[in-house]
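As stored in start_12.tsv (TSV, C-alpha atoms):
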```
chain	number	residue	atom	x	y	z
A	15	MET	CA	91.38	-230.35	178.11
A	16	LYS	CA	91.83	-230.90	181.85
A	17	ASN	CA	93.55	-227.92	183.48
A	18	ILE	CA	94.68	-227.96	187.09
A	19	ALA	CA	96.04	-225.06	189.11
A	20	LEU	CA	98.85	-225.97	191.51
A	21	ILE	CA	99.27	-223.26	194.15
A	22	VAL	CA	102.48	-223.28	196.17
A	23	ALA	CA	101.73	-222.15	199.74
A	24	ALA	CA	104.33	-224.03	201.79
A	25	GLY	CA	106.66	-221.08	202.40
A	26	ARG	CA	107.33	-219.68	205.86
A	27	GLY	CA	107.73	-215.98	205.04
A	28	SER	CA	105.88	-214.06	207.73
A	29	ARG	CA	105.06	-210.59	209.05
A	30	ALA	CA	103.47	-209.37	212.31
A	31	SER	CA	99.74	-208.83	212.02
A	32	SER	CA	98.42	-205.38	212.74
A	33	ASN	CA	96.75	-206.41	215.99
A	34	GLY	CA	99.96	-207.66	217.55
A	35	ALA	CA	99.20	-211.35	217.17
A	36	PRO	CA	102.10	-213.75	216.64
A	37	ASP	CA	103.69	-213.87	213.20
A	38	ILE	CA	101.92	-216.01	210.64
A	39	PRO	CA	103.01	-216.98	207.12
A	40	LYS	CA	102.29	-214.15	204.70
A	41	GLN	CA	99.87	-216.22	202.62
A	42	TYR	CA	97.50	-216.32	205.59
A	43	VAL	CA	97.77	-212.65	206.57
A	44	PRO	CA	94.43	-210.87	206.06
A	45	LEU	CA	94.24	-208.42	203.18
A	46	ALA	CA	91.16	-206.22	203.69
A	47	GLY	CA	89.93	-208.91	206.07
A	48	ILE	CA	90.47	-211.89	203.77
A	49	PRO	CA	93.60	-214.11	203.81
A	50	VAL	CA	95.96	-213.60	200.88
A	51	LEU	CA	95.74	-217.28	199.94
A	52	ARG	CA	91.95	-217.17	199.70
A	53	TYR	CA	92.10	-214.39	197.09
A	54	THR	CA	94.53	-216.50	195.08
A	55	ILE	CA	92.49	-219.69	195.25
A	56	GLU	CA	89.19	-217.94	194.51
A	57	LYS	CA	90.56	-216.44	191.30
A	58	PHE	CA	91.34	-219.90	189.94
A	59	ALA	CA	88.15	-221.43	191.35
A	60	SER	CA	86.01	-218.87	189.52
A	61	HIS	CA	87.74	-219.43	186.18
A	62	PRO	CA	85.63	-221.70	183.92
A	63	GLU	CA	88.63	-223.43	182.32
A	64	ILE	CA	90.22	-224.54	185.61
A	65	ASP	CA	88.93	-227.99	186.58
A	66	HIS	CA	90.69	-228.55	189.90
A	67	ILE	CA	92.97	-226.74	192.33
A	68	LEU	CA	95.72	-228.37	194.37
A	69	VAL	CA	97.34	-226.38	197.18
A	70	VAL	CA	100.69	-227.40	198.63
A	71	ILE	CA	101.06	-226.25	202.24
A	72	HIS	CA	103.48	-226.48	205.14
A	73	PRO	CA	102.53	-229.37	207.49
A	74	ASP	CA	102.18	-226.93	210.40
A	75	ASP	CA	99.59	-224.83	208.57
A	76	ARG	CA	96.68	-227.26	208.28
A	77	ASP	CA	94.45	-225.32	210.68
A	78	LEU	CA	95.26	-222.00	209.01
A	79	TYR	CA	94.54	-223.55	205.63
A	80	ALA	CA	91.24	-225.12	206.71
A	81	SER	CA	89.92	-221.82	208.03
A	82	CYS	CA	91.08	-220.06	204.87
A	83	VAL	CA	89.35	-222.19	202.22
A	84	GLU	CA	85.93	-222.92	203.68
A	85	GLY	CA	83.24	-222.97	201.00
A	86	ILE	CA	85.58	-222.87	197.96
A	87	ASP	CA	84.86	-225.35	195.15
A	88	LYS	CA	87.26	-227.34	192.95
A	89	LEU	CA	89.80	-228.00	195.72
A	90	LEU	CA	91.66	-231.31	195.78
A	91	PRO	CA	92.96	-232.80	199.04
A	92	VAL	CA	95.82	-230.71	200.33
A	93	VAL	CA	99.43	-231.86	199.87
A	94	GLU	CA	102.26	-231.20	202.31
A	95	GLY	CA	105.26	-229.42	200.88
A	96	ALA	CA	109.00	-229.90	201.21
A	97	ALA	CA	111.88	-227.79	202.49
A	98	THR	CA	112.31	-226.01	199.13
A	99	ARG	CA	109.87	-224.55	196.63
A	100	GLN	CA	111.13	-227.00	194.03
A	101	GLY	CA	110.45	-229.92	196.35
A	102	SER	CA	106.98	-228.59	197.14
A	103	VAL	CA	106.10	-228.26	193.46
A	104	GLN	CA	107.34	-231.78	192.78
A	105	ALA	CA	105.21	-233.10	195.65
A	106	GLY	CA	102.20	-231.41	194.10
A	107	LEU	CA	102.94	-232.73	190.63
A	108	SER	CA	103.35	-236.26	191.96
A	109	ALA	CA	99.96	-236.03	193.67
A	110	LEU	CA	98.35	-235.14	190.33
A	111	VAL	CA	99.65	-238.14	188.39
A	112	SER	CA	96.53	-240.21	189.02
A	113	LEU	CA	94.34	-237.42	187.59
A	114	ASN	CA	96.44	-237.24	184.41
A	115	PRO	CA	95.75	-233.57	183.62
A	116	ASP	CA	96.62	-232.10	180.23
A	117	ASN	CA	98.00	-228.85	181.63
A	118	VAL	CA	99.09	-227.53	184.99
A	119	LEU	CA	99.36	-223.89	186.01
A	120	ILE	CA	101.87	-223.40	188.83
A	121	HIS	CA	101.28	-220.26	190.86
A	122	ASP	CA	102.71	-218.56	193.93
A	123	ALA	CA	100.22	-218.24	196.80
A	124	ALA	CA	101.53	-214.73	197.51
A	125	ARG	CA	100.31	-213.37	194.14
A	126	PRO	CA	96.64	-212.77	195.04
A	127	LEU	CA	95.77	-210.12	192.45
A	128	LEU	CA	96.12	-212.04	189.20
A	129	SER	CA	93.26	-211.74	186.72
A	130	HIS	CA	91.21	-214.15	184.64
A	131	ALA	CA	92.70	-212.45	181.57
A	132	LEU	CA	96.18	-213.53	182.65
A	133	ILE	CA	95.02	-217.10	183.24
A	134	ASP	CA	93.42	-217.00	179.78
A	135	ARG	CA	96.67	-215.83	178.16
A	136	VAL	CA	98.61	-218.70	179.68
A	137	LEU	CA	95.99	-221.31	178.79
A	138	ASN	CA	95.58	-220.01	175.24
A	139	ALA	CA	99.34	-220.08	174.69
A	140	LEU	CA	99.45	-223.70	175.88
A	141	ILE	CA	97.42	-224.65	172.81
A	142	HIS	CA	100.56	-224.16	170.72
A	143	ASP	CA	103.50	-224.44	173.18
A	144	ILE	CA	104.40	-226.78	176.04
A	145	ALA	CA	105.73	-224.21	178.52
A	146	ILE	CA	104.49	-220.67	179.17
A	147	VAL	CA	105.57	-217.90	181.55
A	148	PRO	CA	104.05	-214.45	181.95
A	149	ALA	CA	106.61	-211.67	182.10
A	150	LEU	CA	106.90	-207.90	182.19
A	151	ALA	CA	109.34	-205.86	180.16
A	152	ILE	CA	111.93	-203.96	182.18
A	153	THR	CA	111.58	-200.18	181.82
A	154	ASP	CA	114.29	-199.06	184.26
A	155	THR	CA	117.94	-198.77	183.30
A	156	MET	CA	119.69	-202.01	184.25
A	157	LYS	CA	123.18	-202.16	185.81
A	158	LYS	CA	125.22	-204.95	187.34
A	159	ASN	CA	125.74	-204.68	191.09
A	160	ASP	CA	129.51	-204.77	191.54
A	161	LYS	CA	129.92	-205.30	195.29
A	162	GLY	CA	127.67	-202.36	196.11
A	163	TYR	CA	128.86	-200.16	193.24
A	164	VAL	CA	127.36	-199.59	189.81
A	165	GLY	CA	128.80	-201.99	187.28
A	166	ALA	CA	128.33	-202.56	183.57
A	167	SER	CA	125.03	-201.81	181.84
A	168	ILE	CA	122.66	-204.63	180.93
A	169	SER	CA	120.44	-204.34	177.89
A	170	ARG	CA	116.78	-204.19	178.88
A	171	ASP	CA	115.95	-206.21	175.77
A	172	GLN	CA	117.81	-209.17	177.28
A	173	VAL	CA	115.92	-209.33	180.58
A	174	ALA	CA	112.33	-209.62	181.75
A	175	SER	CA	110.54	-209.85	185.07
A	176	ILE	CA	109.07	-213.35	185.32
A	177	GLN	CA	105.74	-213.98	187.06
A	178	THR	CA	103.34	-216.84	187.76
A	179	PRO	CA	101.10	-218.64	186.91
A	180	GLN	CA	103.52	-220.58	184.75
A	181	GLY	CA	101.75	-223.05	182.51
A	182	PHE	CA	103.04	-226.40	181.30
A	183	VAL	CA	101.94	-229.54	179.58
A	184	PHE	CA	101.70	-231.70	182.69
A	185	SER	CA	103.70	-234.71	181.49
A	186	LYS	CA	106.58	-232.48	180.34
A	187	ILE	CA	107.03	-230.48	183.54
A	188	LEU	CA	106.65	-233.61	185.68
A	189	GLU	CA	109.45	-235.26	183.72
A	190	ALA	CA	111.59	-232.12	183.98
A	191	HIS	CA	111.18	-231.98	187.77
A	192	GLU	CA	112.02	-235.66	188.15
A	193	ARG	CA	115.13	-235.25	185.99
A	194	ALA	CA	116.29	-232.22	187.99
A	195	LYS	CA	115.95	-234.15	191.24
A	196	GLN	CA	117.86	-237.13	189.85
A	197	THR	CA	120.74	-234.90	188.76
A	198	GLY	CA	120.98	-233.18	192.13
A	199	ASN	CA	119.59	-229.81	190.99
A	200	ASP	CA	117.12	-229.57	193.82
A	201	ASN	CA	117.02	-225.90	194.81
A	202	LEU	CA	115.86	-224.05	191.70
A	203	THR	CA	113.36	-221.31	192.61
A	204	ASP	CA	111.54	-221.07	189.30
A	205	ASP	CA	109.76	-223.74	187.27
A	206	SER	CA	110.73	-222.14	183.97
A	207	ALA	CA	114.39	-222.66	184.96
A	208	ILE	CA	113.65	-226.35	185.48
A	209	ALA	CA	111.94	-226.47	182.09
A	210	VAL	CA	114.83	-224.76	180.29
A	211	GLN	CA	117.33	-227.03	182.02
A	212	ALA	CA	115.36	-229.98	180.62
A	213	GLY	CA	115.66	-228.58	177.10
A	214	MET	CA	112.14	-227.16	176.84
A	215	LYS	CA	111.46	-223.93	174.97
A	216	VAL	CA	109.50	-221.64	177.27
A	217	ARG	CA	107.21	-219.12	175.59
A	218	ILE	CA	106.78	-215.67	177.18
A	219	VAL	CA	103.35	-214.03	177.31
A	220	GLU	CA	102.49	-210.62	178.66
A	221	GLY	CA	102.28	-210.42	182.44
A	222	GLU	CA	100.39	-207.91	184.58
A	223	GLN	CA	101.63	-204.97	186.62
A	224	ASN	CA	98.98	-205.75	189.25
A	225	ASN	CA	100.17	-209.34	189.61
A	226	LEU	CA	102.24	-208.33	192.61
A	227	LYS	CA	104.14	-210.89	194.64
A	228	ILE	CA	103.82	-210.00	198.32
A	229	THR	CA	107.31	-210.35	199.74
A	230	MET	CA	108.09	-207.45	202.09
A	231	GLU	CA	105.83	-205.59	204.51
A	232	PRO	CA	105.31	-202.55	202.19
A	233	ASP	CA	103.91	-204.95	199.59
A	234	PHE	CA	100.81	-205.39	201.73
A	235	ASP	CA	100.08	-201.66	201.48
A	236	THR	CA	100.58	-201.78	197.72
A	237	ALA	CA	98.28	-204.79	197.45
A	238	LEU	CA	95.61	-203.00	199.50
A	239	ARG	CA	95.71	-200.01	197.13
A	240	LEU	CA	95.47	-202.27	194.09
A	241	LEU	CA	92.62	-204.19	195.68
A	242	ALA	CA	90.76	-200.97	196.44
A	243	LEU	CA	91.10	-199.94	192.81
A	244	ARG	CA	89.89	-203.35	191.60
A	245	ASN	CA	86.88	-203.17	193.90
A	246	SER	CA	86.06	-199.55	193.14
A	247	SER	CA	82.62	-198.87	191.75
A	248	MET	CA	82.41	-199.57	188.04
A	249	ILE	CA	80.52	-197.65	185.41
A	250	THR	CA	79.09	-199.06	182.20
A	251	THR	CA	80.14	-197.38	178.97
A	252	THR	CA	78.95	-198.05	175.45
A	253	GLY	CA	80.58	-197.28	172.12
A	254	THR	CA	79.43	-197.68	168.53
A	255	GLY	CA	81.40	-198.23	165.35
A	256	PHE	CA	80.63	-198.14	161.64
A	257	ASP	CA	82.82	-198.99	158.66
A	258	VAL	CA	82.54	-199.55	154.92
A	259	HIS	CA	84.84	-201.22	152.38
A	260	LYS	CA	84.20	-201.52	148.68
A	261	PHE	CA	84.73	-204.64	146.63
A	262	GLY	CA	87.82	-205.02	144.46
A	263	HIS	CA	89.92	-207.75	142.94
A	264	GLY	CA	90.34	-210.97	144.90
A	265	ASP	CA	88.94	-214.41	145.58
A	266	HIS	CA	87.96	-214.01	149.24
A	267	VAL	CA	86.95	-211.53	151.91
A	268	THR	CA	88.10	-211.43	155.53
A	269	LEU	CA	85.25	-210.76	157.94
A	270	CYS	CA	85.67	-210.80	161.73
A	271	GLY	CA	88.99	-212.60	161.25
A	272	VAL	CA	87.64	-215.41	159.02
A	273	ASP	CA	88.60	-215.81	155.35
A	274	ILE	CA	85.50	-216.51	153.25
A	275	PRO	CA	85.74	-217.52	149.56
A	276	HIS	CA	84.06	-214.95	147.29
A	277	ASN	CA	84.23	-213.78	143.70
A	278	GLN	CA	85.67	-210.45	144.86
A	279	GLY	CA	87.89	-209.12	147.61
A	280	LEU	CA	87.57	-206.02	149.78
A	281	SER	CA	89.78	-202.99	149.15
A	282	GLY	CA	91.58	-201.32	152.03
A	283	HIS	CA	94.93	-200.32	153.47
A	284	SER	CA	94.99	-203.28	155.87
A	285	ASP	CA	93.14	-206.55	155.28
A	286	ALA	CA	89.89	-204.54	154.94
A	287	ASP	CA	88.12	-206.56	157.65
A	288	VAL	CA	85.11	-204.29	157.88
A	289	GLY	CA	83.62	-206.19	160.84
A	290	LEU	CA	86.70	-205.90	163.05
A	291	HIS	CA	87.23	-202.27	162.04
A	292	ALA	CA	83.74	-201.38	163.21
A	293	LEU	CA	84.28	-203.33	166.44
A	294	VAL	CA	87.60	-201.62	167.17
A	295	ASP	CA	85.91	-198.23	166.76
A	296	ALA	CA	83.12	-199.32	169.10
A	297	ILE	CA	85.60	-200.30	171.84
A	298	LEU	CA	87.61	-197.11	171.37
A	299	GLY	CA	84.37	-195.17	171.55
A	300	ALA	CA	83.43	-196.81	174.84
A	301	LEU	CA	86.87	-195.82	176.13
A	302	GLY	CA	86.59	-192.29	174.77
A	303	ASP	CA	89.92	-192.84	173.04
A	304	GLY	CA	89.62	-191.67	169.45
A	305	ASP	CA	89.05	-193.98	166.51
A	306	ILE	CA	90.92	-196.65	164.58
A	307	GLY	CA	92.47	-194.09	162.23
A	308	SER	CA	94.05	-192.17	165.10
A	309	HIS	CA	95.66	-195.32	166.46
A	310	PHE	CA	96.56	-196.91	163.11
A	311	PRO	CA	96.82	-194.12	160.49
A	312	PRO	CA	96.16	-195.32	156.91
A	313	SER	CA	99.11	-193.18	155.85
A	314	ASP	CA	101.50	-195.34	157.88
A	315	PRO	CA	103.00	-198.01	155.58
A	316	GLN	CA	103.56	-200.47	158.46
A	317	TRP	CA	99.82	-201.20	158.48
A	318	LYS	CA	99.68	-202.02	154.76
A	319	GLY	CA	98.01	-205.42	154.50
A	320	ALA	CA	98.06	-205.85	158.31
A	321	ALA	CA	95.67	-208.31	159.93
A	322	SER	CA	92.89	-206.38	161.66
A	323	SER	CA	93.18	-208.82	164.57
A	324	LEU	CA	96.18	-206.72	165.62
A	325	PHE	CA	93.94	-203.66	165.89
A	326	LEU	CA	91.42	-205.53	168.01
A	327	GLU	CA	94.18	-206.87	170.30
A	328	HIS	CA	95.36	-203.28	170.77
A	329	ALA	CA	91.86	-202.09	171.69
A	330	ALA	CA	91.43	-204.97	174.15
A	331	GLY	CA	94.79	-204.07	175.71
A	332	LEU	CA	93.62	-200.50	176.27
A	333	VAL	CA	90.60	-201.81	178.18
A	334	SER	CA	92.83	-204.03	180.33
A	335	ALA	CA	95.23	-201.13	180.98
A	336	GLN	CA	92.33	-199.22	182.55
A	337	SER	CA	91.39	-202.23	184.72
A	338	GLY	CA	88.22	-202.51	182.67
A	339	MET	CA	86.17	-205.43	181.39
A	340	ILE	CA	84.48	-206.10	178.07
A	341	ASN	CA	80.93	-207.15	178.91
A	342	HIS	CA	79.51	-207.74	175.44
A	343	VAL	CA	80.12	-206.92	171.77
A	344	ASP	CA	77.67	-207.00	168.88
A	345	VAL	CA	78.57	-206.78	165.18
A	346	THR	CA	76.14	-206.54	162.27
A	347	LEU	CA	77.48	-207.21	158.77
A	348	ILE	CA	75.46	-205.60	155.97
A	349	CYS	CA	75.86	-207.20	152.54
A	350	GLU	CA	74.16	-209.18	149.78
A	351	GLY	CA	77.01	-211.67	149.73
A	352	PRO	CA	78.86	-213.72	150.76
A	353	LYS	CA	76.64	-215.76	153.07
A	354	ILE	CA	77.61	-215.13	156.69
A	355	GLY	CA	75.62	-217.86	158.44
A	356	PRO	CA	77.99	-220.79	157.74
A	357	HIS	CA	80.91	-218.80	159.16
A	358	ARG	CA	79.23	-217.09	162.13
A	359	ASP	CA	80.45	-219.52	164.81
A	360	ALA	CA	84.06	-219.28	163.60
A	361	MET	CA	83.82	-215.48	163.64
A	362	ARG	CA	82.40	-215.40	167.15
A	363	GLN	CA	85.13	-217.71	168.42
A	364	HIS	CA	87.86	-215.65	166.74
A	365	VAL	CA	86.62	-212.43	168.31
A	366	ALA	CA	86.15	-214.09	171.71
A	367	ASP	CA	89.70	-215.45	171.64
A	368	ILE	CA	91.19	-212.03	170.88
A	369	LEU	CA	89.12	-210.21	173.49
A	370	GLU	CA	89.63	-213.05	176.01
A	371	ILE	CA	85.92	-213.22	176.80
A	372	PRO	CA	83.42	-216.10	176.60
A	373	VAL	CA	81.97	-216.65	173.15
A	374	ALA	CA	78.53	-216.12	174.67
A	375	LYS	CA	79.46	-212.45	175.02
A	376	VAL	CA	80.03	-212.09	171.27
A	377	SER	CA	77.14	-211.54	168.87
A	378	ILE	CA	77.64	-211.48	165.11
A	379	LYS	CA	74.68	-210.99	162.79
A	380	ALA	CA	74.14	-210.30	159.12
A	381	THR	CA	71.46	-208.54	157.13
A	382	THR	CA	70.83	-207.17	153.65
A	383	THR	CA	69.38	-203.86	152.45
A	384	GLU	CA	66.86	-205.58	150.19
A	385	GLY	CA	68.78	-204.55	147.07
A	386	LEU	CA	68.90	-200.87	148.04
A	387	GLY	CA	72.02	-198.68	148.21
A	388	PHE	CA	75.63	-199.58	147.53
A	389	THR	CA	75.45	-202.80	149.56
A	390	GLY	CA	72.28	-203.78	147.74
A	391	ARG	CA	74.03	-203.22	144.41
A	392	GLY	CA	76.89	-205.47	145.56
A	393	GLU	CA	79.45	-202.66	145.55
A	394	GLY	CA	80.79	-203.31	149.04
A	395	ILE	CA	80.14	-204.38	152.62
A	396	ALA	CA	79.23	-202.26	155.63
A	397	ALA	CA	79.38	-203.13	159.31
A	398	GLN	CA	78.16	-201.59	162.52
A	399	ALA	CA	79.14	-202.60	166.03
A	400	ILE	CA	78.34	-201.89	169.67
A	401	ALA	CA	80.68	-202.58	172.60
A	402	THR	CA	79.66	-202.51	176.26
A	403	LEU	CA	82.43	-202.11	178.85
A	404	SER	CA	82.78	-201.81	182.61
A	405	LEU	CA	85.40	-199.27	183.70
A	406	PRO	CA	86.48	-198.07	187.16
A	407	ASP	CA	84.58	-194.95	188.20
A	408	ILE	CA	87.64	-192.92	189.10
A	409	GLU	CA	86.84	-189.25	189.61
A	410	THR	CA	89.40	-186.65	188.56
A	411	ASP	CA	90.18	-183.89	191.07
A	412	THR	CA	89.41	-180.40	189.78
```
Once you've parsed the file, please lay out its structure as structure tokens.
Amino acid sequence: MKNIALIVAAGRGSRASSNGAPDIPKQYVPLAGIPVLRYTIEKFASHPEIDHILVVIHPDDRDLYASCVEGIDKLLPVVEGAATRQGSVQAGLSALVSLNPDNVLIHDAARPLLSHALIDRVLNALIHDIAIVPALAITDTMKKNDKGYVGASISRDQVASIQTPQGFVFSKILEAHERAKQTGNDNLTDDSAIAVQAGMKVRIVEGEQNNLKITMEPDFDTALRLLALRNSSMITTTGTGFDVHKFGHGDHVTLCGVDIPHNQGLSGHSDADVGLHALVDAILGALGDGDIGSHFPPSDPQWKGAASSLFLEHAAGLVSAQSGMINHVDVTLICEGPKIGPHRDAMRQHVADILEIPVAKVSIKATTTEGLGFTGRGEGIAAQAIATLSLPDIETDT
């Protein structure tokens, strides 16, 4: 798959710099000494699944742009934008036709604090859908603004806060933009609106609170605080997990998310995936946040037969919520059968996809107990796991 990031940086929003210099567009204003746009570009440039980056700029900003991007890889020749965001995006899409990418991620230059995890979510969703937008649920009470007075309530379930990068199958969004221009709809501010207008179904994935769009002057202060948190010293934490499930009726077992044919199944309240259960406990242990039973009580009927992938997604979300990173996970399956080797690669990929980490950071092994104990007698399967995380070293005032 060829994935290209299209960054829209042709806007003229500006603020006075702190040293009294003339106003410059906000995407070139230094944030902790580095231009906003450079943060944005570097995040895509450092992502292994992004092949190229195309930046659309205002024609008057060539010198600012050149000084901003020195030394960054993956950049295509710059494209000059139009009077509207929609026109600028279309100019960028047109410039990419000769490269024939599979997917394009369209992102606002003024969102410098996006993460690789967010890029991963958009790219992974594009495997199954043609249009993806990240969004945040609305937690505040919503009211219509009736000429400066509070109007009718709006259900929070019916609205969401849309972000970028928005991901699309390239050929589909190019066609949608061309159709919008032909019909005279040339001032839409959001690519998902263009996609919906063209009849495309746009899938929503989870956005990020830190994916701030710098719009007003106070946003720079907020971005600086978020950047300081992101760059704070990190500590390494390690957690271990152990789980056991006995054999019962069935014709397969589910281990690390992969169904393996077997002459017995595993008994449990959920899908009895002993490997993922041990891994969830390891991650929760590294977070110091209880165990799988405290998050998903066996007494709760909603988890009856549930896929353990849901539990692992939850644990990964807790790491992300703390601005942490999963550095490595290691699972050992202990059983006499079934054979694990033929399924190891599929297991590693499944775990890597859920945790949104490279498969190289996932280790899955298997061993026997040489016929000793309950696993040796073929009465069940055991698993142990270790998870290594990096978490911000935030001290608590006492």
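Taking CA of Pro356 (chain A) as the reference point, CA of Val267 (chain A) is found at 14.1 Å.
Distance check against Glu220 (chain A) using all atoms listed in the file: of A:Gly106, A:Pro148, A:Gly271, A:Gly25, the minimum falls on A:Pro148.
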Taking all atoms of region 265-277 of chain A that the file lists, what box with edges along x, y and z, padded by 8 Å per side, do you get, with centre and edge lengths in Å to one decimal, as lines of an AutoDock Vina configuration file?
```
center_x = 86.5
center_y = -214.1
center_z = 152.7
size_x = 20.9
size_y = 22.8
size_z = 34.0
```
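When only C-alpha atoms are used to measure the gap to Asn225 (chain A), the shortest distance among A:Ile395, A:Ala124, A:Ile21, A:Ile152 belongs to A:Ala124.
Coordinates place CA of Gly338 (chain A) at a distance of 16.6 Å from CA of Lys57 (chain A).
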Among listed residues A:Lys40, A:Leu90, A:Thr254, A:Ile120, nearest Met230 (chain A) (using only C-alpha atoms) = A:Lys40
Residue contacts of Ala401 (chain A) (12 Å, only C-alpha atoms) excluding same-chain residues fewer than 2 positions away, as a PyMOL selection string | chain A and resi 250-256+290+292-301+329-330+333+339-346+369+375-377+398-399+403-404
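For the pair CA of Arg217 (chain A) and CA of Gln180 (chain A), the interatomic distance is 10.0 Å.
Candidate residues A:His72, A:His309, A:Arg244, A:Lys318 were compared for distance to Pro406 (chain A), and the nearest is A:Arg244, using only C-alpha atoms.
Distances from A:Asp171, A:Asp205, A:Asp116, A:Asp143 to Phe184 (chain A) were compared using only C-alpha atoms, and the smallest one belongs to A:Asp116.
Comparing A:Asp273, A:Asp77, A:Glu384, A:Asp204 by their smallest distance to Ile187 (chain A), the closest is A:Asp204 (using only C-alpha atoms).
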Spatial neighbours of Leu128 (chain A), max dist 7 Å, only C-alpha atoms, sep filter under 2 positions, as a PyMOL selection string | chain A and resi 125-126+132+224-225
Sphere at (113.3, -233.3, 190.3), radius 12 Å, counting only C-alpha atoms: residues as a ChimeraX atom specification | /A:98-108,187-202,205,207-209,211-212
